[in-house]
file input_16.cif (mmCIF, C-alpha atoms)
data_final
#
loop_
_atom_site.label_atom_id
_atom_site.label_comp_id
_atom_site.auth_asym_id
_atom_site.auth_seq_id
_atom_site.Cartn_x
_atom_site.Cartn_y
_atom_site.Cartn_z
CA LYS A 324 -29.23 7.45 -0.82
CA ASN A 325 -27.46 8.93 -3.84
CA GLU A 326 -28.69 12.27 -5.06
CA VAL A 327 -28.71 10.97 -8.63
CA GLU A 328 -29.96 7.45 -9.27
CA GLN A 329 -29.87 5.68 -12.61
CA SER A 330 -31.76 2.58 -13.65
CA PRO A 331 -31.11 0.00 -14.68
CA GLN A 332 -27.48 -0.38 -13.60
CA ASN A 333 -26.88 -2.95 -16.34
CA LEU A 334 -28.80 -3.54 -19.54
CA THR A 335 -28.38 -6.10 -22.30
CA ALA A 336 -30.31 -5.68 -25.54
CA GLN A 337 -30.49 -7.24 -28.97
CA GLU A 338 -29.52 -5.16 -31.97
CA GLY A 339 -32.48 -3.15 -33.21
CA GLU A 340 -34.26 -2.89 -29.86
CA PHE A 341 -35.54 0.38 -28.39
CA ILE A 342 -33.65 1.20 -25.20
CA THR A 343 -34.57 3.44 -22.28
CA ILE A 344 -32.24 4.50 -19.48
CA ASN A 345 -33.71 6.40 -16.55
CA CYS A 346 -32.30 9.04 -14.24
CA SER A 347 -34.01 10.29 -11.08
CA TYR A 348 -32.63 13.00 -8.82
CA SER A 349 -33.51 14.37 -5.42
CA VAL A 350 -31.92 17.83 -5.50
CA GLY A 351 -32.93 21.07 -7.15
CA ILE A 352 -31.32 21.37 -10.54
CA SER A 353 -30.73 23.95 -13.22
CA ALA A 354 -29.86 21.50 -16.01
CA LEU A 355 -29.07 17.87 -16.68
CA HIS A 356 -26.35 16.23 -18.77
CA TRP A 357 -26.17 12.84 -20.43
CA LEU A 358 -22.67 11.50 -21.10
CA GLN A 359 -21.36 8.40 -22.84
CA GLN A 360 -18.26 6.54 -21.68
CA HIS A 361 -16.78 4.26 -24.30
CA PRO A 362 -15.34 0.84 -23.43
CA GLY A 363 -11.87 2.36 -23.83
CA GLY A 364 -12.69 4.88 -21.11
CA GLY A 365 -13.20 8.11 -23.08
CA ILE A 366 -16.15 10.28 -22.02
CA VAL A 367 -18.18 12.43 -24.40
CA SER A 368 -21.11 14.72 -23.79
CA LEU A 369 -24.35 13.68 -25.50
CA PHE A 370 -26.91 16.22 -24.31
CA MET A 371 -27.48 19.07 -21.94
CA LEU A 372 -31.10 19.95 -21.27
CA SER A 373 -33.13 21.96 -18.82
CA SER A 374 -36.63 21.25 -20.15
CA GLY A 375 -38.52 19.23 -22.72
CA LYS A 376 -36.77 17.02 -25.18
CA LYS A 377 -33.68 16.92 -27.41
CA LYS A 378 -32.88 14.59 -30.29
CA HIS A 379 -29.60 13.78 -31.99
CA GLY A 380 -29.65 11.00 -34.53
CA ARG A 381 -30.99 7.87 -32.84
CA LEU A 382 -30.68 9.37 -29.37
CA ILE A 383 -33.48 11.20 -27.60
CA ALA A 384 -33.30 12.77 -24.14
CA THR A 385 -36.28 13.99 -22.17
CA ILE A 386 -36.64 15.68 -18.83
CA ASN A 387 -39.59 16.26 -16.48
CA ILE A 388 -38.54 18.88 -13.95
CA GLN A 389 -41.69 18.47 -11.83
CA GLU A 390 -41.14 14.72 -11.49
CA LYS A 391 -37.34 15.08 -11.15
CA HIS A 392 -36.77 12.52 -13.84
CA SER A 393 -34.99 12.22 -17.16
CA SER A 394 -34.82 9.46 -19.74
CA LEU A 395 -32.35 8.66 -22.49
CA HIS A 396 -33.79 6.65 -25.38
CA ILE A 397 -31.86 4.87 -28.10
CA THR A 398 -33.83 3.82 -31.16
CA ALA A 399 -32.72 0.97 -33.45
CA SER A 400 -29.86 0.07 -31.11
CA HIS A 401 -26.56 -1.13 -32.55
CA PRO A 402 -23.56 -2.94 -31.00
CA ARG A 403 -21.55 0.28 -31.30
CA ASP A 404 -23.97 1.83 -28.77
CA SER A 405 -22.47 -0.46 -26.12
CA ALA A 406 -21.06 1.88 -23.49
CA VAL A 407 -21.67 3.31 -20.03
CA TYR A 408 -24.27 6.10 -20.04
CA ILE A 409 -23.94 8.66 -17.27
CA CYS A 410 -26.51 11.14 -16.03
CA ALA A 411 -25.25 14.28 -14.28
CA VAL A 412 -27.32 17.12 -12.81
CA VAL A 413 -26.33 20.73 -12.27
CA SER A 414 -27.10 21.57 -8.66
CA SER A 415 -29.12 24.78 -8.50
CA ASN A 416 -27.49 25.40 -5.13
CA THR A 417 -23.80 25.08 -6.06
CA GLY A 418 -23.78 25.08 -9.88
CA LYS A 419 -21.62 21.96 -9.79
CA LEU A 420 -22.28 18.65 -11.49
CA ILE A 421 -23.49 15.66 -9.46
CA PHE A 422 -23.01 12.38 -11.31
CA GLY A 423 -25.02 9.19 -11.30
CA GLN A 424 -23.26 5.84 -11.11
CA GLY A 425 -23.83 5.07 -14.76
CA THR A 426 -25.76 2.44 -16.73
CA THR A 427 -23.74 -0.19 -18.55
CA LEU A 428 -25.38 -1.06 -21.88
CA GLN A 429 -24.42 -4.02 -24.01
CA VAL A 430 -26.07 -4.42 -27.40
CA LYS A 431 -25.64 -7.87 -28.92
CA PRO A 432 -25.68 -8.46 -32.67
CA ASN B 69 -7.18 20.34 -32.29
CA ALA B 70 -6.06 17.78 -29.73
CA GLY B 71 -8.86 18.73 -27.31
CA VAL B 72 -7.96 17.71 -23.75
CA THR B 73 -4.76 15.75 -23.26
CA GLN B 74 -3.55 14.01 -20.11
CA THR B 75 -0.24 12.47 -19.16
CA PRO B 76 0.59 9.84 -18.16
CA LYS B 77 -2.03 7.29 -19.24
CA PHE B 78 -0.95 4.72 -16.67
CA GLN B 79 1.08 4.99 -13.47
CA VAL B 80 1.97 2.70 -10.60
CA LEU B 81 3.18 4.30 -7.37
CA LYS B 82 4.29 2.97 -4.04
CA THR B 83 2.62 4.33 -0.91
CA GLY B 84 4.22 7.62 0.06
CA GLN B 85 5.55 8.50 -3.38
CA SER B 86 4.52 11.74 -5.07
CA MET B 87 3.56 12.50 -8.62
CA THR B 88 1.90 15.13 -10.80
CA LEU B 89 -0.78 14.43 -13.37
CA GLN B 90 -0.66 16.84 -16.26
CA CYS B 91 -3.62 18.17 -18.23
CA ALA B 92 -3.75 20.59 -21.15
CA GLN B 93 -6.51 21.87 -23.42
CA ASP B 94 -6.27 23.77 -26.68
CA MET B 95 -9.89 24.97 -26.93
CA ASN B 96 -9.34 28.30 -25.14
CA HIS B 97 -11.65 27.16 -22.35
CA ASN B 98 -11.82 29.15 -19.14
CA SER B 99 -12.71 26.34 -16.72
CA MET B 100 -10.89 23.11 -16.00
CA TYR B 101 -11.67 20.21 -13.67
CA TRP B 102 -10.13 17.13 -12.10
CA TYR B 103 -12.37 14.13 -11.39
CA ARG B 104 -11.77 10.66 -10.06
CA GLN B 105 -13.81 7.62 -11.06
CA ASP B 106 -14.04 4.56 -8.82
CA PRO B 107 -15.92 1.30 -9.44
CA GLY B 108 -19.57 1.53 -8.37
CA MET B 109 -19.34 5.29 -7.84
CA GLY B 110 -20.03 8.20 -10.11
CA LEU B 111 -17.41 10.68 -11.16
CA ARG B 112 -16.41 12.87 -8.22
CA LEU B 113 -14.95 16.34 -8.48
CA ILE B 114 -11.57 16.76 -6.80
CA TYR B 115 -10.70 20.36 -7.68
CA TYR B 116 -11.70 22.82 -10.31
CA SER B 117 -10.43 26.07 -11.73
CA ALA B 118 -13.21 28.40 -12.85
CA SER B 119 -10.72 30.69 -14.59
CA GLU B 120 -6.99 31.25 -14.91
CA GLY B 121 -5.52 32.11 -11.54
CA THR B 122 -8.29 30.57 -9.43
CA THR B 123 -8.74 27.10 -7.97
CA ASP B 124 -11.42 25.68 -5.67
CA LYS B 125 -12.03 22.46 -3.81
CA GLY B 126 -14.54 19.97 -5.08
CA GLU B 127 -16.15 17.05 -3.33
CA VAL B 128 -13.02 15.00 -2.50
CA PRO B 129 -9.96 17.32 -2.30
CA ASN B 130 -8.07 15.69 0.58
CA GLY B 131 -4.66 14.37 -0.40
CA TYR B 132 -4.46 16.44 -3.58
CA ASN B 133 -3.16 19.82 -4.69
CA VAL B 134 -3.66 21.60 -8.00
CA SER B 135 -2.00 24.30 -10.04
CA ARG B 136 -3.57 26.27 -12.87
CA LEU B 137 -0.29 27.06 -14.60
CA ASN B 138 -1.88 29.15 -17.36
CA LYS B 139 -5.13 29.09 -19.31
CA ARG B 140 -4.17 25.85 -21.07
CA GLU B 141 -2.75 23.74 -18.25
CA PHE B 142 -4.14 22.37 -14.98
CA SER B 143 -2.08 19.90 -12.98
CA LEU B 144 -3.03 17.59 -10.12
CA ARG B 145 -0.41 16.61 -7.54
CA LEU B 146 -0.41 13.76 -5.09
CA GLU B 147 2.14 14.65 -2.41
CA SER B 148 2.12 11.32 -0.57
CA ALA B 149 0.17 8.68 -2.44
CA ALA B 150 -2.09 6.27 -0.54
CA PRO B 151 -3.81 3.07 -1.74
CA SER B 152 -7.17 4.87 -1.38
CA GLN B 153 -6.06 7.11 -4.24
CA THR B 154 -6.01 4.17 -6.65
CA SER B 155 -8.48 5.34 -9.28
CA VAL B 156 -8.97 6.60 -12.81
CA TYR B 157 -8.43 10.35 -13.02
CA PHE B 158 -10.12 12.50 -15.65
CA CYS B 159 -9.36 16.06 -16.54
CA ALA B 160 -12.06 18.10 -18.24
CA SER B 161 -12.56 21.62 -19.53
CA SER B 162 -15.49 23.83 -20.43
CA LEU B 163 -16.08 27.25 -21.89
CA SER B 164 -17.63 28.78 -18.79
CA SER B 165 -15.87 30.78 -16.13
CA GLY B 166 -18.12 29.42 -13.40
CA THR B 167 -18.58 26.00 -11.96
CA GLY B 168 -19.18 24.67 -15.43
CA GLY B 169 -22.49 22.94 -15.07
CA PHE B 170 -24.18 24.90 -17.84
CA TYR B 171 -21.65 24.19 -20.52
CA GLU B 172 -20.60 21.02 -22.26
CA GLN B 173 -17.55 19.51 -20.61
CA TYR B 174 -14.80 18.00 -22.73
CA PHE B 175 -12.95 15.13 -21.09
CA GLY B 176 -9.41 13.89 -21.44
CA PRO B 177 -8.67 10.18 -21.99
CA GLY B 178 -7.99 9.49 -18.31
CA THR B 179 -5.03 8.37 -16.20
CA ARG B 180 -5.21 4.95 -14.54
CA LEU B 181 -3.31 5.22 -11.24
CA THR B 182 -2.50 2.31 -8.97
CA VAL B 183 -0.97 2.87 -5.53
CA THR B 184 0.50 -0.23 -3.90
#
call {"tool": "encode", "arguments": {"input": "input_16.cif", "output": "structure tokens"}}
result
Amino acid sequence: KNEVEQSPQNLTAQEGEFITINCSYSVGISALHWLQQHPGGGIVSLFMLSSGKKKHGRLIATINIQEKHSSLHITASHPRDSAVYICAVVSSNTGKLIFGQGTTLQVKP
Amino acid sequence: NAGVTQTPKFQVLKTGQSMTLQCAQDMNHNSMYWYRQDPGMGLRLIYYSASEGTTDKGEVPNGYNVSRLNKREFSLRLESAAPSQTSVYFCASSLSSGTGGFYEQYFGPGTRLTVT
């Protein structure tokens, strides 16, 4: 079993829909990252959080350390949000990042 | 600022050939990383350099060597390429001088390598 599991693996939504991507992990962590990989392959960092909630524009990330779970929400989704969203946790044991397999999101107009 | 640059963008090798992937960053970051990304798998750390002059193995170091040439540049060498090394390779950098998990990582555009 992977140490970082994302769900769903694939997601198709209509423009304007509210989207949730989930990340569950089984190791002790110090922090969690959400990354976005564009269709062209480039990867950018969206959030790093260790507790609570962060918001940037239409994106919201939450984390529940006790439940070992994080969610990434996209409000009023748009076709330009189509990308692979990657969850990565910082192992509290090694300090290194452990990556999930990614969630492929397609938003249709 | 160019951020993190990688060369080449694409490469095809025959089994047994060698090559070096180049990476440079202009953000004065201390730490640099090499990852590989394979279909159905998450990014996996090959090697990292927490600071200039140091390198350490990541999760999948076999078949690779690295050089931290200076603070800006971190190269990845395949001495004898194998088909199992067909992958997309990403270089990244971050401000920290540790393993980097607590700082935002900035990624290069990737190198798509095929070994036949």
call {"tool": "interface_residues", "arguments": {"input": "input_16.cif", "of": "chain B", "to": "chain A", "cutoff": "9 Å", "atoms": "all atoms listed in the file", "output": "list in words"}}
result
Pro107, Gly108, Met109, Gly110, Leu111, Arg112, Leu113, Gly126, Gly166, Thr167, Gly168, Gly169, Phe170, Tyr171, Glu172, Gln173, Tyr174, Phe175, Gly176, Pro177 and Gly178 of chain B
call {"tool": "atom_distance", "arguments": {"input": "input_16.cif", "atom1": "atom CA of B:Gly71", "atom2": "atom CA of A:Gln429"}}
result
27.8 Å
call {"tool": "resolve_selection", "arguments": {"input": "input_16.cif", "expression": "the PyMOL selection byres ((chain B and resi 140) around 6)", "output": "VMD selection string"}}
result
chain B and resid 92 to 93 138 to 139 141
call {"tool": "write_last_selection", "arguments": {"input": "input_16.cif", "atoms": "C-alpha atoms", "output": "short mmCIF file (atom, residue, chain, number, x, y, z; two decimals), in the coordinates of the input"}}
result
data_model
loop_
_atom_site.label_atom_id
_atom_site.label_comp_id
_atom_site.auth_asym_id
_atom_site.auth_seq_id
_atom_site.Cartn_x
_atom_site.Cartn_y
_atom_site.Cartn_z
CA ALA B 92 -3.75 20.59 -21.15
CA GLN B 93 -6.51 21.87 -23.42
CA ASN B 138 -1.88 29.15 -17.36
CA LYS B 139 -5.13 29.09 -19.31
CA GLU B 141 -2.75 23.74 -18.25
#
call {"tool": "resolve_selection", "arguments": {"input": "input_16.cif", "expression": "the PyMOL selection byres ((chain B and resi 69) around 8)", "output": "count of residues only"}}
result
4
call {"tool": "closest_residue", "arguments": {"input": "input_16.cif", "among": "A:Gly375, A:Gln389, A:His396, A:Leu428", "to": "A:Ile342", "atoms": "only C-alpha atoms"}}
result
A:His396
call {"tool": "residues_around", "arguments": {"input": "input_16.cif", "residues": "A:Asn387", "least_positions_apart": "6", "cutoff": "10 Å", "atoms": "only C-alpha atoms", "output": "ChimeraX atom specification"}}
result
/A:347,373-376,393-394
call {"tool": "resolve_selection", "arguments": {"input": "input_16.cif", "expression": "the PyMOL selection byres ((chain B and resi 183) around 8)", "output": "number ranges by chain"}}
result
B: 80-83, 149-154, 181-182, 184
call {"tool": "residues_around", "arguments": {"input": "input_16.cif", "residues": "A:Leu334", "least_positions_apart": "3", "cutoff": "12 Å", "atoms": "only C-alpha atoms", "output": "list in words"}}
result
Gln329, Ser330, Pro331, Gln337, Glu340, Phe341, Ile342, Thr343, Ile344, Asn345, Asp404, Ser405, Ala406, Val407, Tyr408, Gly425, Thr426, Thr427, Leu428, Gln429, Val430 and Lys431 of chain A
call {"tool": "decode", "arguments": {"input": "input_16.cif", "residues": "stretch 339-376 of chain A", "atoms": "C-alpha atoms", "output": "JSON list (two decimals), in the first residue's frame"}}
result
[["chain", "number", "residue", "atom", "x", "y", "z"],
["A", 339, "GLY", "CA", -18.42, 25.99, -12.55],
["A", 340, "GLU", "CA", -18.57, 22.88, -10.39],
["A", 341, "PHE", "CA", -17.03, 22.64, -6.90],
["A", 342, "ILE", "CA", -14.22, 20.09, -6.91],
["A", 343, "THR", "CA", -12.64, 18.14, -4.06],
["A", 344, "ILE", "CA", -9.47, 16.06, -4.28],
["A", 345, "ASN", "CA", -8.49, 13.96, -1.28],
["A", 346, "CYS", "CA", -5.15, 12.87, 0.10],
["A", 347, "SER", "CA", -4.69, 10.30, 2.87],
["A", 348, "TYR", "CA", -1.34, 9.27, 4.31],
["A", 349, "SER", "CA", -0.13, 6.57, 6.65],
["A", 350, "VAL", "CA", 3.16, 8.01, 7.92],
["A", 351, "GLY", "CA", 3.97, 10.67, 10.47],
["A", 352, "ILE", "CA", 4.33, 14.02, 8.79],
["A", 353, "SER", "CA", 5.59, 17.49, 9.54],
["A", 354, "ALA", "CA", 3.88, 19.23, 6.61],
["A", 355, "LEU", "CA", 1.99, 18.56, 3.41],
["A", 356, "HIS", "CA", 2.33, 20.06, -0.07],
["A", 357, "TRP", "CA", -0.14, 20.36, -2.92],
["A", 358, "LEU", "CA", 1.37, 20.68, -6.39],
["A", 359, "GLN", "CA", -0.12, 21.24, -9.83],
["A", 360, "GLN", "CA", 1.30, 19.66, -12.97],
["A", 361, "HIS", "CA", 0.19, 21.33, -16.17],
["A", 362, "PRO", "CA", -0.65, 19.35, -19.32],
["A", 363, "GLY", "CA", 2.69, 20.48, -20.74],
["A", 364, "GLY", "CA", 4.47, 18.84, -17.81],
["A", 365, "GLY", "CA", 5.54, 21.81, -15.69],
["A", 366, "ILE", "CA", 5.06, 21.47, -11.93],
["A", 367, "VAL", "CA", 4.24, 24.34, -9.60],
["A", 368, "SER", "CA", 3.73, 24.46, -5.87],
["A", 369, "LEU", "CA", 0.22, 25.47, -4.75],
["A", 370, "PHE", "CA", 0.30, 25.16, -0.97],
["A", 371, "MET", "CA", 2.36, 23.97, 1.94],
["A", 372, "LEU", "CA", 0.48, 23.47, 5.19],
["A", 373, "SER", "CA", 0.98, 21.82, 8.52],
["A", 374, "SER", "CA", -2.40, 22.59, 10.13],
["A", 375, "GLY", "CA", -5.77, 24.13, 9.44],
["A", 376, "LYS", "CA", -6.60, 25.70, 6.15]]
